[in-house]
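Novice: Sharing a structure, written as structure tokens. Questions coming.
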Amino acid sequence: MTELASDPSASRAGNSELERQLETHRRELAGYCYRMLGSTFETDDAVQETMVRAWRALDRFDGRSSLRTWLYRIATNVCLDLLNGRKRRALPMDFGPASPPIASSLGQPMAESAWIQPMPDSGVLTATADPAELAVGRDTIRLAFIAALQHLPPRQRAVLILREVLRWSALEVADLLDTTVASVNSALQRARATLAAADPGSEDRFEPMDDEQKGLLARYVNAFTAYDIDALVSLLQEDATASMPPFPLWLQGRDDIGKWHIGPGSTCEHSTLVPIEVNGSPGYAHYRPGPDGLEPFGIQVLELSKGRISKITYFLDTDLFPRFGLPQRPPQPAPHPG
């Protein structure tokens, strides 16, 4: 690697090999940047900027650390630059009390920069044969976890992700951040305390998803697509929440969620749901009737707890569909995977 970086006569084949080595780290870097930034599109930009900076700085890569460590150092600096002076991204529940289900409309959308965005699992989870490692990967891209991370100052956020998610040693993190092991340990302790208060972690885990959870999701799809709101409400926890970024409106309690769907939300009748893998959770691409047939409407992310649905986040942003590799017209309806 050092020879490729320092030899001015490096061949085109050598450059291709170097580019291949850089690309092998793209997905794990995306996972790191997404946890740092909470934004799908900013993650794409941050990873690309990391690759560009790495390519331009190859002549300064001396091989004292691994290529992977060097890339993480660059990615960390890119993310810290992006986060400098910015407010944290959040979910609607962070902006105020629950809304009444009788509002005549969703209101005015807030800026994209206000919100956590969903991320396809395929964009950030690396292939692994270790079930425990896969479980950690999925658990640490849950919306609740990503939202909790945003409560941390950026450097604390980096420390916690590197130590708790990626399992780097305190010495490795201290070297990456140009600080001391004592500072890393102190930052980690503070970050853990903040995270524990922000993310109670009560949702079910899916390693693997059992028959009861699969059945619950199948009943949800049937209820939503048939627009049987009584059946849908029966699948919810009594204190379930539903939110709709980029709109600040959110609902609490299954009764209010049901009233909303019967009232202002009734335009979703005759919709189709297509299963997707998103944020380590059950998810669906929602296609709603439009002037020319079914068209993209939003990305749904569900969280389950104690055999029922505890949270539904409806991301009403059709720009997400291409990012998830979704077509502009839904494929033939299919059952949820598994």
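Please note that chains go A, B, ... in the order of the structure tokens, that every chain numbers its residues from 1, and that ligands are numbered from 1 in the order shown.
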Sorted by chain and rising residue number, list the residues of range 36-119 of chain A at most 7 Å from range 152-169 of chain A (counting only C-alpha atoms), each with its closest atom pair and distance in Å to one decimal, as a Markdown table.

Specialist:
```
| residue | atom | partner | partner_atom | distance |
| --- | --- | --- | --- | --- |
| A:Met36 | CA | A:Arg157 | CA | 6.6 |
| A:Leu80 | CA | A:Pro154 | CA | 6.4 |
| A:Leu83 | CA | A:Pro154 | CA | 6.9 |
```

Novice: Need to verify the contact set: Leu326 in chain A, 12 Å, only C-alpha atoms, exclusion of same-chain residues closer than 2 positions in sequence. Can you return it as a JSON list (two decimals) with C-alpha atoms, in the first residue's frame?

Specialist:
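Result file follows (around-v9.json):
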```
[["chain", "number", "residue", "atom", "x", "y", "z"],
["A", 120, "PRO", "CA", -31.70, 1.20, 3.77],
["A", 273, "LEU", "CA", -47.12, -1.39, 0.77],
["A", 274, "VAL", "CA", -43.88, -2.93, -0.50],
["A", 275, "PRO", "CA", -41.60, -4.49, 2.16],
["A", 276, "ILE", "CA", -38.12, -3.03, 2.51],
["A", 277, "GLU", "CA", -35.22, -3.40, 4.94],
["A", 284, "TYR", "CA", -42.46, -0.50, 3.81],
["A", 285, "ALA", "CA", -42.47, 1.69, 0.75],
["A", 286, "HIS", "CA", -45.91, 3.30, 0.66],
["A", 287, "TYR", "CA", -47.53, 3.93, -2.72],
["A", 295, "GLU", "CA", -47.36, 6.68, -6.93],
["A", 296, "PRO", "CA", -44.63, 7.08, -4.27],
["A", 297, "PHE", "CA", -45.84, 8.63, -1.04],
["A", 298, "GLY", "CA", -43.52, 7.70, 1.82],
["A", 299, "ILE", "CA", -41.29, 5.27, 3.68],
["A", 318, "THR", "CA", -40.61, 10.83, -2.19],
["A", 319, "ASP", "CA", -36.97, 11.80, -2.85],
["A", 320, "LEU", "CA", -36.07, 8.79, -0.70],
["A", 321, "PHE", "CA", -37.49, 6.30, -3.20],
["A", 322, "PRO", "CA", -34.54, 6.41, -5.66],
["A", 323, "ARG", "CA", -32.12, 6.19, -2.72],
["A", 324, "PHE", "CA", -33.83, 2.95, -1.68],
["A", 328, "GLN", "CA", -41.94, 4.96, -9.44],
["A", 329, "ARG", "CA", -44.69, 2.36, -9.76],
["A", 330, "PRO", "CA", -45.07, -0.47, -7.25],
["A", 331, "PRO", "CA", -44.30, -4.04, -8.24]]
```

Novice: Report as a list in words all protein, DNA and RNA residues lying within 10 Å of Gly263 in chain A, evaluated on only C-alpha atoms, omitting residues in the same chain fewer than 3 positions from it.

Specialist: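 My list of contacting residues is Pro101, Ile102, Ala103, Ser104, Ser105, Ile257, Gly258, Lys259, Trp260, Ser266 and Thr267 of chain A.
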
Novice: Please give the complete set of residues from range 89-330 of chain A that DSSP, run on the backbone, assigns to strand (DSSP E), formatted as a ChimeraX atom specification.

Specialist: /A:236-243,250-252,272-278,281-290,293-305,308-315

Novice: I'd like to know which of A:Val173, A:Pro245, A:Pro289, A:Leu216 is closest to Ser305 in chain A, using only C-alpha atoms.

Specialist: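 Once distances to Ser305 in chain A are computed over only C-alpha atoms, the minimum belongs to A:Leu216.
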
Novice: Choose the residue, out of A:Thr272, A:Thr40, A:Thr50, A:Thr76, that has the smallest atom-to-atom separation from Glu112 in chain A; count only C-alpha atoms.

Specialist: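 Of all the options, A:Thr40 lies closest to Glu112 in chain A.
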
Novice: Could you pull out the alpha helix (DSSP H) residues of range 252-313 of chain A, going by DSSP on the backbone, and write them as a ChimeraX atom specification?

Specialist: /A:254-262

Novice: Just N, CA and C atoms for this one: save the residues we selected as an mmCIF file, in the first residue's frame.

Specialist:
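Wrote it out as again-v9.cif, contents follow:
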```
data_model
loop_
_atom_site.group_PDB
_atom_site.id
_atom_site.type_symbol
_atom_site.label_atom_id
_atom_site.label_comp_id
_atom_site.auth_asym_id
_atom_site.auth_seq_id
_atom_site.Cartn_x
_atom_site.Cartn_y
_atom_site.Cartn_z
ATOM 1 N N ARG A 254 -53.307 4.819 20.456
ATOM 2 C CA ARG A 254 -53.881 4.148 19.290
ATOM 3 C C ARG A 254 -55.227 4.735 18.885
ATOM 4 N N ASP A 255 -55.978 5.275 19.838
ATOM 5 C CA ASP A 255 -57.270 5.874 19.482
ATOM 6 C C ASP A 255 -57.079 7.089 18.580
ATOM 7 N N ASP A 256 -56.116 7.958 18.940
ATOM 8 C CA ASP A 256 -55.870 9.140 18.120
ATOM 9 C C ASP A 256 -55.299 8.751 16.754
ATOM 10 N N ILE A 257 -54.464 7.742 16.726
ATOM 11 C CA ILE A 257 -53.922 7.277 15.446
ATOM 12 C C ILE A 257 -55.048 6.773 14.551
ATOM 13 N N GLY A 258 -55.982 6.038 15.148
ATOM 14 C CA GLY A 258 -57.126 5.564 14.380
ATOM 15 C C GLY A 258 -57.988 6.701 13.864
ATOM 16 N N LYS A 259 -58.239 7.709 14.709
ATOM 17 C CA LYS A 259 -59.062 8.847 14.290
ATOM 18 C C LYS A 259 -58.393 9.614 13.150
ATOM 19 N N TRP A 260 -57.074 9.743 13.206
ATOM 20 C CA TRP A 260 -56.368 10.450 12.144
ATOM 21 C C TRP A 260 -56.517 9.718 10.810
ATOM 22 N N HIS A 261 -56.376 8.429 10.839
ATOM 23 C CA HIS A 261 -56.456 7.664 9.596
ATOM 24 C C HIS A 261 -57.864 7.676 8.999
ATOM 25 N N ILE A 262 -58.846 7.749 9.846
ATOM 26 C CA ILE A 262 -60.222 7.825 9.343
ATOM 27 C C ILE A 262 -60.524 9.224 8.808
#
```

Novice: Which of these, A:Asp139, A:Asp59, A:Asp94, A:Glu19, has the shortest distance to Asp121 in chain A once you count only C-alpha atoms?

Specialist: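 The answer is A:Asp139, which sits nearest to Asp121 in chain A.
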
Novice: Could you check which of A:Leu22, A:Cys33, A:Ala98, A:Ile146 is closest to Leu71 in chain A, using only C-alpha atoms?

Specialist: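 For Leu71 in chain A, the nearest of the candidates is A:Leu22.
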
Novice: One decimal, in Å: what's the spacing between CA of Pro118 in chain A and CA of Asn279 in chain A?

Specialist: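 Interatomic distance here is 6.4 Å.
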
Novice: For Leu176 in chain A, work out the shell of residues within 10 Å, counting only C-alpha atoms and skipping chain neighbours fewer than 4 positions away, then give it as a list in words.

Specialist: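 Selected residues are Ser65, Thr69, Trp70, Tyr72, Arg73, Ile74, Thr76, Asn77, Val159, Leu162, Ala170, Leu171 and Glu172 of chain A.
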
Novice: Put those residues in a file: N, CA and C atoms, as a PDB file, in the first residue's frame.

Specialist:
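File selection.pdb, as written:
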```pdb
ATOM      1  N   SER A  65      -0.416   3.486   9.991  1.00  0.00           N
ATOM      2  CA  SER A  65      -1.685   2.898  10.410  1.00  0.00           C
ATOM      3  C   SER A  65      -2.263   2.139   9.227  1.00  0.00           C
ATOM      4  N   THR A  69      -8.007   2.449   9.236  1.00  0.00           N
ATOM      5  CA  THR A  69      -7.903   3.464  10.287  1.00  0.00           C
ATOM      6  C   THR A  69      -7.745   4.848   9.687  1.00  0.00           C
ATOM      7  N   TRP A  70      -6.936   4.947   8.649  1.00  0.00           N
ATOM      8  CA  TRP A  70      -6.709   6.228   7.973  1.00  0.00           C
ATOM      9  C   TRP A  70      -8.005   6.761   7.390  1.00  0.00           C
ATOM     10  N   TYR A  72     -11.055   6.094   8.421  1.00  0.00           N
ATOM     11  CA  TYR A  72     -11.931   6.514   9.515  1.00  0.00           C
ATOM     12  C   TYR A  72     -11.511   7.875  10.062  1.00  0.00           C
ATOM     13  N   ARG A  73     -10.222   8.147  10.086  1.00  0.00           N
ATOM     14  CA  ARG A  73      -9.768   9.467  10.529  1.00  0.00           C
ATOM     15  C   ARG A  73     -10.304  10.551   9.590  1.00  0.00           C
ATOM     16  N   ILE A  74     -10.193  10.297   8.282  1.00  0.00           N
ATOM     17  CA  ILE A  74     -10.706  11.262   7.310  1.00  0.00           C
ATOM     18  C   ILE A  74     -12.212  11.407   7.445  1.00  0.00           C
ATOM     19  N   THR A  76     -14.103  10.881  10.002  1.00  0.00           N
ATOM     20  CA  THR A  76     -14.445  11.587  11.240  1.00  0.00           C
ATOM     21  C   THR A  76     -14.304  13.090  11.048  1.00  0.00           C
ATOM     22  N   ASN A  77     -13.233  13.511  10.423  1.00  0.00           N
ATOM     23  CA  ASN A  77     -13.037  14.950  10.183  1.00  0.00           C
ATOM     24  C   ASN A  77     -14.117  15.508   9.259  1.00  0.00           C
ATOM     25  N   VAL A 159     -16.732   9.146  19.704  1.00  0.00           N
ATOM     26  CA  VAL A 159     -16.138   8.240  20.689  1.00  0.00           C
ATOM     27  C   VAL A 159     -17.058   7.064  20.968  1.00  0.00           C
ATOM     28  N   LEU A 162     -17.278   4.653  17.888  1.00  0.00           N
ATOM     29  CA  LEU A 162     -16.041   3.910  17.687  1.00  0.00           C
ATOM     30  C   LEU A 162     -15.808   2.881  18.788  1.00  0.00           C
ATOM     31  N   ALA A 170      -9.655   2.072  23.410  1.00  0.00           N
ATOM     32  CA  ALA A 170      -9.531   3.475  23.809  1.00  0.00           C
ATOM     33  C   ALA A 170      -8.268   4.097  23.218  1.00  0.00           C
ATOM     34  N   LEU A 171      -7.201   3.303  23.118  1.00  0.00           N
ATOM     35  CA  LEU A 171      -5.957   3.814  22.552  1.00  0.00           C
ATOM     36  C   LEU A 171      -6.123   4.139  21.066  1.00  0.00           C
ATOM     37  N   GLU A 172      -6.825   3.264  20.320  1.00  0.00           N
ATOM     38  CA  GLU A 172      -7.056   3.510  18.897  1.00  0.00           C
ATOM     39  C   GLU A 172      -7.891   4.774  18.684  1.00  0.00           C
TER      40      GLU A 172
END
```

Novice: Pick the closest to Leu304 in chain A from A:Gly290, A:Gly280, A:Gly265, A:Gly325: which is it, counting only C-alpha atoms?

Specialist: A:Gly280

Novice: Could you tell me how far CA of Asp239 in chain A sits from CA of Gly215 in chain A, in Å to one decimal place?

Specialist: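 Taking CA of Gly215 in chain A as the start and CA of Asp239 in chain A as the end point, the length is 21.0 Å.
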